[in-house]
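Engineer: data-v9.cif is reproduced below (mmCIF, C-alpha atoms and all ligand atoms).
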```cif
data_my_file
#
loop_
_atom_site.label_atom_id
_atom_site.label_comp_id
_atom_site.auth_asym_id
_atom_site.auth_seq_id
_atom_site.Cartn_x
_atom_site.Cartn_y
_atom_site.Cartn_z
CA MET A 64 24.46 1.05 -31.53
CA ASN A 65 27.73 -0.82 -31.19
CA LEU A 66 29.54 -0.76 -27.89
CA ILE A 67 32.84 -2.16 -26.66
CA LEU A 68 33.20 -3.07 -23.00
CA PHE A 69 36.89 -2.69 -22.37
CA GLY A 70 39.14 -3.64 -19.47
CA PRO A 71 41.36 -6.28 -17.91
CA PRO A 72 40.18 -9.77 -16.93
CA GLY A 73 37.88 -9.62 -13.92
CA CYS A 74 36.80 -6.00 -14.46
CA GLY A 75 33.13 -6.99 -14.90
CA LYS A 76 32.77 -6.86 -18.70
CA GLY A 77 30.83 -10.11 -18.94
CA THR A 78 28.47 -9.29 -16.06
CA GLN A 79 27.69 -5.83 -17.39
CA ALA A 80 27.32 -7.09 -20.97
CA LYS A 81 24.67 -9.58 -19.82
CA ARG A 82 22.79 -6.81 -18.02
CA LEU A 83 22.80 -4.66 -21.16
CA VAL A 84 21.48 -7.59 -23.18
CA GLU A 85 18.55 -7.90 -20.76
CA GLU A 86 17.87 -4.16 -20.71
CA ARG A 87 18.34 -3.35 -24.38
CA GLY A 88 18.04 -6.56 -26.37
CA MET A 89 21.45 -6.05 -27.93
CA VAL A 90 23.64 -9.07 -28.69
CA GLN A 91 26.68 -9.86 -26.53
CA LEU A 92 29.64 -10.95 -28.62
CA SER A 93 32.13 -12.53 -26.23
CA THR A 94 35.05 -14.22 -27.99
CA GLY A 95 35.97 -15.88 -24.67
CA ASP A 96 32.50 -17.51 -24.50
CA MET A 97 32.74 -18.56 -28.16
CA LEU A 98 36.16 -20.13 -27.62
CA ARG A 99 35.02 -21.94 -24.45
CA ALA A 100 31.98 -23.27 -26.34
CA ALA A 101 34.28 -24.54 -29.12
CA ILE A 102 36.45 -26.30 -26.53
CA ALA A 103 33.41 -27.82 -24.80
CA SER A 104 32.06 -29.12 -28.11
CA GLY A 105 35.37 -30.82 -28.92
CA SER A 106 35.49 -29.19 -32.37
CA GLU A 107 38.68 -28.86 -34.38
CA LEU A 108 38.85 -25.18 -33.44
CA GLY A 109 38.37 -26.11 -29.78
CA GLU A 110 41.28 -28.55 -29.96
CA ARG A 111 43.46 -25.87 -31.53
CA VAL A 112 42.82 -23.21 -28.90
CA LYS A 113 42.49 -25.33 -25.76
CA GLY A 114 46.15 -25.05 -24.74
CA VAL A 115 46.29 -21.33 -25.44
CA LEU A 116 43.36 -20.56 -23.13
CA ALA A 117 44.78 -22.87 -20.47
CA ARG A 118 48.04 -20.89 -20.51
CA GLY A 119 46.30 -17.53 -20.44
CA ASP A 120 47.80 -16.36 -23.73
CA LEU A 121 45.87 -14.76 -26.59
CA VAL A 122 44.65 -16.89 -29.49
CA SER A 123 45.52 -15.66 -32.98
CA ASP A 124 43.88 -12.55 -34.39
CA GLU A 125 42.75 -14.53 -37.42
CA ILE A 126 40.67 -16.96 -35.32
CA VAL A 127 38.85 -14.37 -33.21
CA ILE A 128 38.25 -12.01 -36.13
CA ALA A 129 36.57 -14.87 -38.04
CA LEU A 130 34.41 -15.72 -35.01
CA ILE A 131 33.22 -12.13 -34.73
CA GLU A 132 32.62 -11.69 -38.44
CA GLU A 133 30.30 -14.68 -38.44
CA ARG A 134 28.13 -13.11 -35.74
CA LEU A 135 27.87 -9.54 -37.04
CA PRO A 136 24.66 -10.02 -39.06
CA GLU A 137 22.87 -11.38 -36.01
CA ALA A 138 23.99 -8.43 -33.88
CA GLU A 139 22.97 -5.97 -36.55
CA ALA A 140 19.49 -7.49 -36.76
CA ALA A 141 19.13 -7.06 -32.98
CA GLY A 142 20.06 -3.37 -33.12
CA GLY A 143 23.70 -3.60 -32.15
CA ALA A 144 26.51 -5.50 -30.50
CA ILE A 145 28.19 -5.38 -27.14
CA PHE A 146 31.73 -6.51 -27.77
CA ASP A 147 33.06 -8.23 -24.66
CA GLY A 148 36.69 -9.33 -24.70
CA PHE A 149 37.14 -8.28 -28.32
CA PRO A 150 39.15 -6.52 -29.70
CA ARG A 151 42.24 -7.37 -27.65
CA THR A 152 44.96 -6.23 -30.09
CA VAL A 153 45.35 -3.26 -32.40
CA ALA A 154 45.10 -5.62 -35.41
CA GLN A 155 41.72 -6.85 -34.11
CA ALA A 156 40.50 -3.28 -33.60
CA GLU A 157 41.49 -2.33 -37.14
CA ALA A 158 39.80 -5.43 -38.54
CA LEU A 159 36.66 -4.65 -36.55
CA ASP A 160 36.56 -1.08 -37.84
CA SER A 161 36.86 -2.25 -41.41
CA MET A 162 34.29 -5.07 -41.02
CA LEU A 163 31.80 -2.61 -39.55
CA ALA A 164 32.55 0.05 -42.18
CA GLY A 165 31.88 -2.58 -44.85
CA ARG A 166 28.43 -3.04 -43.34
CA GLY A 167 27.78 0.71 -43.13
CA THR A 168 28.09 0.86 -39.36
CA LYS A 169 30.71 1.64 -36.69
CA ILE A 170 31.73 1.49 -33.05
CA ASP A 171 29.82 4.20 -31.20
CA LEU A 172 31.38 3.98 -27.78
CA VAL A 173 34.19 2.24 -25.91
CA LEU A 174 33.49 1.96 -22.21
CA ARG A 175 36.57 1.33 -20.14
CA LEU A 176 35.83 -0.23 -16.77
CA LEU A 177 38.39 0.96 -14.23
CA VAL A 178 39.23 -1.55 -11.51
CA ASP A 179 42.43 -1.69 -9.39
CA GLU A 180 44.66 -4.75 -9.74
CA PRO A 181 44.23 -6.06 -6.16
CA VAL A 182 40.45 -5.97 -6.66
CA LEU A 183 40.76 -7.80 -9.99
CA LEU A 184 42.79 -10.53 -8.32
CA GLU A 185 40.25 -10.80 -5.50
CA ARG A 186 37.33 -11.08 -7.94
CA VAL A 187 39.00 -13.62 -10.19
CA THR A 188 40.06 -15.71 -7.19
CA GLY A 189 36.42 -15.69 -6.01
CA ARG A 190 35.22 -16.72 -9.48
CA PHE A 191 37.83 -19.52 -9.55
CA GLU A 192 36.54 -20.87 -6.25
CA GLN A 193 32.87 -20.62 -7.27
CA GLN A 194 32.94 -21.56 -10.95
CA GLY A 195 36.23 -23.44 -11.27
CA ARG A 196 37.15 -21.76 -14.57
CA PRO A 197 40.68 -23.15 -15.01
CA ASP A 198 42.27 -19.96 -16.37
CA ASP A 199 41.10 -18.02 -13.30
CA ASN A 200 43.75 -19.70 -11.13
CA PRO A 201 46.16 -17.08 -9.75
CA GLU A 202 49.16 -18.16 -11.88
CA THR A 203 47.26 -18.10 -15.18
CA PHE A 204 45.54 -14.90 -14.15
CA LYS A 205 48.98 -13.25 -13.98
CA THR A 206 49.65 -14.30 -17.58
CA ARG A 207 46.24 -12.96 -18.66
CA LEU A 208 46.89 -9.66 -16.93
CA GLY A 209 50.32 -9.52 -18.61
CA ALA A 210 48.66 -10.07 -22.01
CA TYR A 211 46.19 -7.30 -21.23
CA ASN A 212 48.92 -4.83 -20.29
CA ALA A 213 51.20 -5.70 -23.22
CA GLN A 214 48.74 -6.33 -26.07
CA THR A 215 45.36 -4.88 -25.14
CA ALA A 216 46.09 -1.67 -23.23
CA PRO A 217 47.68 -0.17 -26.41
CA LEU A 218 44.12 0.00 -27.75
CA LEU A 219 43.38 2.82 -25.32
CA PRO A 220 45.20 5.48 -27.38
CA TYR A 221 43.68 3.96 -30.54
CA TYR A 222 40.13 4.60 -29.33
CA GLU A 223 41.06 7.81 -27.53
CA GLY A 224 42.29 9.09 -30.89
CA GLN A 225 38.89 8.27 -32.39
CA GLY A 226 37.21 10.22 -29.55
CA LYS A 227 35.24 7.13 -28.50
CA LEU A 228 36.74 6.28 -25.13
CA THR A 229 34.81 6.87 -21.90
CA ALA A 230 36.01 5.64 -18.50
CA VAL A 231 33.59 4.28 -15.93
CA ASP A 232 34.37 3.47 -12.29
CA GLY A 233 34.14 -0.33 -12.16
CA MET A 234 34.95 -0.69 -8.45
CA GLY A 235 31.46 -0.16 -7.06
CA SER A 236 28.57 -2.59 -6.74
CA MET A 237 27.12 -4.23 -9.84
CA GLU A 238 24.20 -1.78 -9.59
CA ALA A 239 26.44 1.27 -9.29
CA VAL A 240 28.50 0.22 -12.30
CA SER A 241 25.33 -0.44 -14.33
CA ALA A 242 24.06 3.03 -13.45
CA ALA A 243 27.35 4.62 -14.52
CA ILE A 244 27.18 2.70 -17.81
CA ARG A 245 23.59 3.82 -18.38
CA SER A 246 24.52 7.47 -18.01
CA ALA A 247 27.54 7.07 -20.29
CA LEU A 248 25.23 5.54 -22.91
CA GLU A 249 22.93 8.54 -22.72
CA THR A 250 25.77 10.66 -24.05
CA VAL A 251 25.66 8.76 -27.35
CA GLY A 252 21.91 9.18 -27.43
CA SER A 253 20.46 5.70 -27.53
P1 LIG B 301 37.74 -13.94 -21.64
O1 LIG B 301 36.58 -14.84 -21.31
O2 LIG B 301 37.35 -12.77 -22.47
O3 LIG B 301 38.55 -13.57 -20.43
O4 LIG B 301 38.71 -14.81 -22.58
C1 LIG B 301 39.29 -16.03 -22.13
C2 LIG B 301 40.49 -16.39 -22.99
O5 LIG B 301 40.08 -16.56 -24.37
C3 LIG B 301 41.59 -15.35 -23.06
O6 LIG B 301 42.50 -15.45 -21.96
C4 LIG B 301 42.26 -15.69 -24.39
O7 LIG B 301 43.05 -16.87 -24.28
C5 LIG B 301 41.07 -16.06 -25.25
N1 LIG B 301 40.49 -14.88 -25.94
C6 LIG B 301 39.25 -14.36 -25.76
N2 LIG B 301 39.04 -13.29 -26.54
C7 LIG B 301 40.18 -13.12 -27.26
C8 LIG B 301 40.61 -12.17 -28.22
N3 LIG B 301 39.81 -11.17 -28.61
N4 LIG B 301 41.87 -12.31 -28.74
C9 LIG B 301 42.67 -13.30 -28.37
N5 LIG B 301 42.35 -14.23 -27.44
C10 LIG B 301 41.11 -14.14 -26.88
#
```
Here is a file; write its structure as C-alpha cells.
Ligand code: AMP
Structural biologist:
Amino acid sequence: MNLILFGPPGCGKGTQAKRLVEERGMVQLSTGDMLRAAIASGSELGERVKGVLARGDLVSDEIVIALIEERLPEAEAAGGAIFDGFPRTVAQAEALDSMLAGRGTKIDLVLRLLVDEPVLLERVTGRFEQQGRPDDNPETFKTRLGAYNAQTAPLLPYYEGQGKLTAVDGMGSMEAVSAAIRSALETVGS
C-alpha cells in the first residue's frame, strides 16, 4: 500500500510516518530528511539546496522527483511507501503517479492532517527550541507556510478528484491522531 501524509509544516506528518513504519514495516520517504542528509554530508546536491531550505522555499521538482525515484524499489520491497513531504506541487504529484504506474502500482490513500495555523506555529516554535532546526524559526516558518498555501494546497483538488483524499483531525494527542489514521487505513483494507 502506498500512502501520502499530507499537510502544512508542523502538522505531524513526520511523527506519524515514523509510527506507521514501526507498526507496519513500510518505508518512510521524506524528501525533507533526504535533503537534510545531503546537506549534512556536504555533497554537491547538499551545497545546491542548502540556501533554498534555509530560506524556506521549495527546491526544484526535478531534484525531489529524482530522490524519490531512487527509493521506490526499496519501498516496494517493504510492502509500500509512506510519502512524507512529497509531493508538494502538482508537477510532483503527476510525476509520482506516472512513476508508480510504470511500476504497476499507485497511491492508495492521501491522508490530510488538519491542524489550525496557531497550533502549527506553536508546535514549530517548540521544535525550534528543542531541536534547533534552522528553518523552524518563526520568520522562515512563515515562508514555508506561504509555500504550502500557494504551491502545495492546490494538490487537494487533484487528489480529491481521484477520490483518494481523507481528512484526519491532527489537533489531538499523538495517540489520538495515530488512532484516527489507523481507522482511515482500515477503509482501504490493509
Ligand atoms: P520538510 O522536512 O518536509 O518540512 O522539508 C524541509 C524543506 O525541504 C522544505 O521547506 C523545502 O525547502 C524542502 N523540501 C522538502 N520536500 C520537498 C518537496 N517535495 N519539494 C520541494 N522542496 C521540498
Engineer: Please determine, counting all atoms listed in the file, which residue among A:Thr229, A:Ser123, A:Ser236, A:Thr188 has the shortest atom-to-atom distance to ligand LIG 301 (chain B).
Structural biologist: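 Result for the nearest residue to ligand LIG 301 (chain B): A:Ser123.
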Engineer: Can you work out which residues are within 8 Å of ligand LIG 301 (chain B), considering all atoms listed in the file, and then hand them over as a compact mmCIF listing (two decimals) with C-alpha atoms, in the frame of the given file?
Structural biologist:
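Result file is selection-v4.txt:
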```
# COMPACT_ATOMS: atom_id res chain seq x y z
CA PRO A 72 40.18 -9.77 -16.93
CA GLY A 73 37.88 -9.62 -13.92
CA GLY A 77 30.83 -10.11 -18.94
CA SER A 93 32.13 -12.53 -26.23
CA THR A 94 35.05 -14.22 -27.99
CA GLY A 95 35.97 -15.88 -24.67
CA ASP A 96 32.50 -17.51 -24.50
CA LEU A 98 36.16 -20.13 -27.62
CA ARG A 99 35.02 -21.94 -24.45
CA VAL A 112 42.82 -23.21 -28.90
CA VAL A 115 46.29 -21.33 -25.44
CA LEU A 116 43.36 -20.56 -23.13
CA ALA A 117 44.78 -22.87 -20.47
CA ARG A 118 48.04 -20.89 -20.51
CA GLY A 119 46.30 -17.53 -20.44
CA ASP A 120 47.80 -16.36 -23.73
CA LEU A 121 45.87 -14.76 -26.59
CA VAL A 122 44.65 -16.89 -29.49
CA SER A 123 45.52 -15.66 -32.98
CA ASP A 124 43.88 -12.55 -34.39
CA VAL A 127 38.85 -14.37 -33.21
CA ILE A 128 38.25 -12.01 -36.13
CA ASP A 147 33.06 -8.23 -24.66
CA GLY A 148 36.69 -9.33 -24.70
CA PHE A 149 37.14 -8.28 -28.32
CA PRO A 150 39.15 -6.52 -29.70
CA ARG A 151 42.24 -7.37 -27.65
CA THR A 152 44.96 -6.23 -30.09
CA GLN A 155 41.72 -6.85 -34.11
CA ASP A 198 42.27 -19.96 -16.37
CA ARG A 207 46.24 -12.96 -18.66
```
Engineer: What is the atom CA of Phe146 of chain A to atom CA of Leu68 of chain A distance in Å?
Structural biologist: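 Pair atom CA of Phe146 of chain A / atom CA of Leu68 of chain A returns 6.1 Å.
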Engineer: Work out how far atom CA of Gln214 of chain A is from atom CA of Leu184 of chain A, in Å to one decimal.
Structural biologist: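 For atom CA of Leu184 of chain A relative to atom CA of Gln214 of chain A, the distance reads 19.2 Å.
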Engineer: Determine the nearest neighbour of Ile126 of chain A from the options A:Val251, A:Leu208, A:Ala138, A:Met97, counting all atoms listed in the file.
Structural biologist: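 Of A:Val251, A:Leu208, A:Ala138, A:Met97, the one nearest Ile126 of chain A, counting all atoms listed in the file, is A:Met97.
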Engineer: Compare A:Ala243, A:Leu183, A:Leu163, A:Leu172 by their minimum atom-to-atom distance to Gly75 of chain A, counting all atoms listed in the file, and give me the closest one.
Structural biologist: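 Using all atoms listed in the file, the shortest distance to Gly75 of chain A belongs to A:Leu183.
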Engineer: Show me, as a list in words, the residues that have an atom within 7 Å of Gly233 of chain A when counting all atoms listed in the file, minus same-chain residues fewer than 3 positions from it.
Structural biologist: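 Near Gly233 of chain A, the qualifying residues are Cys74, Leu176, Leu177, Val178 and Val240 of chain A.
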Engineer: Could you list as a list in words every residue that has an atom within 12 Å of (21.4, -7.2, -24.8), using the file's coordinates and counting all atoms listed in the file?
Structural biologist: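 Looking at atoms near the point gives Met64, Asn65, Leu66, Gly77, Thr78, Gln79, Ala80, Lys81, Arg82, Leu83, Val84, Glu85, Glu86, Arg87, Gly88, Met89, Val90, Gln91, Leu92, Ala138, Glu139, Ala141, Gly142, Gly143, Ala144, Ile145, Phe146 and Asp147 of chain A.
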Engineer: Nearest residue to Ile244 of chain A out of A:Ile67, A:Ala103, A:Ala216, A:Val187, using all atoms listed in the file?
Structural biologist: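 Closest candidate: A:Ile67.
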Engineer: What's the separation between atom CA of Arg175 of chain A and atom CA of Asp232 of chain A, in Å to one decimal place?
Structural biologist: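 Going from atom CA of Arg175 of chain A over to atom CA of Asp232 of chain A covers 8.4 Å.
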Engineer: Calculated over all atoms listed in the file, which of the candidates A:Val153, A:Val182, A:Ile131, A:Leu159 has the smallest distance to Met234 of chain A?
Structural biologist: A:Val182
Engineer: For Leu174 of chain A, which residue out of A:Val231, A:Gln193, A:Ala100, A:Phe204 is the nearest one, using all atoms listed in the file?
Structural biologist: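 Going through A:Val231, A:Gln193, A:Ala100, A:Phe204 one by one, the smallest distance to Leu174 of chain A is for A:Val231.
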Engineer: So that I can check the surroundings of Lys227 of chain A, please list as a list in words every protein, DNA and RNA residue that reaches within 7 Å of it, counting only C-alpha atoms and ignoring chain neighbours fewer than 3 positions away.
Structural biologist: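 In the requested format, the answer is Asp171, Leu172, Val173, Tyr222 and Glu223 of chain A.
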Engineer: Adding 4 Å on each side of the box along x, y and z that holds all listed atoms of segment 182-185 of chain A, could you give its centre and edge lengths in Å to one decimal, as lines of an AutoDock Vina configuration file?
Structural biologist:
```
center_x = 41.5
center_y = -8.4
center_z = -7.7
size_x = 10.5
size_y = 12.8
size_z = 12.5
```
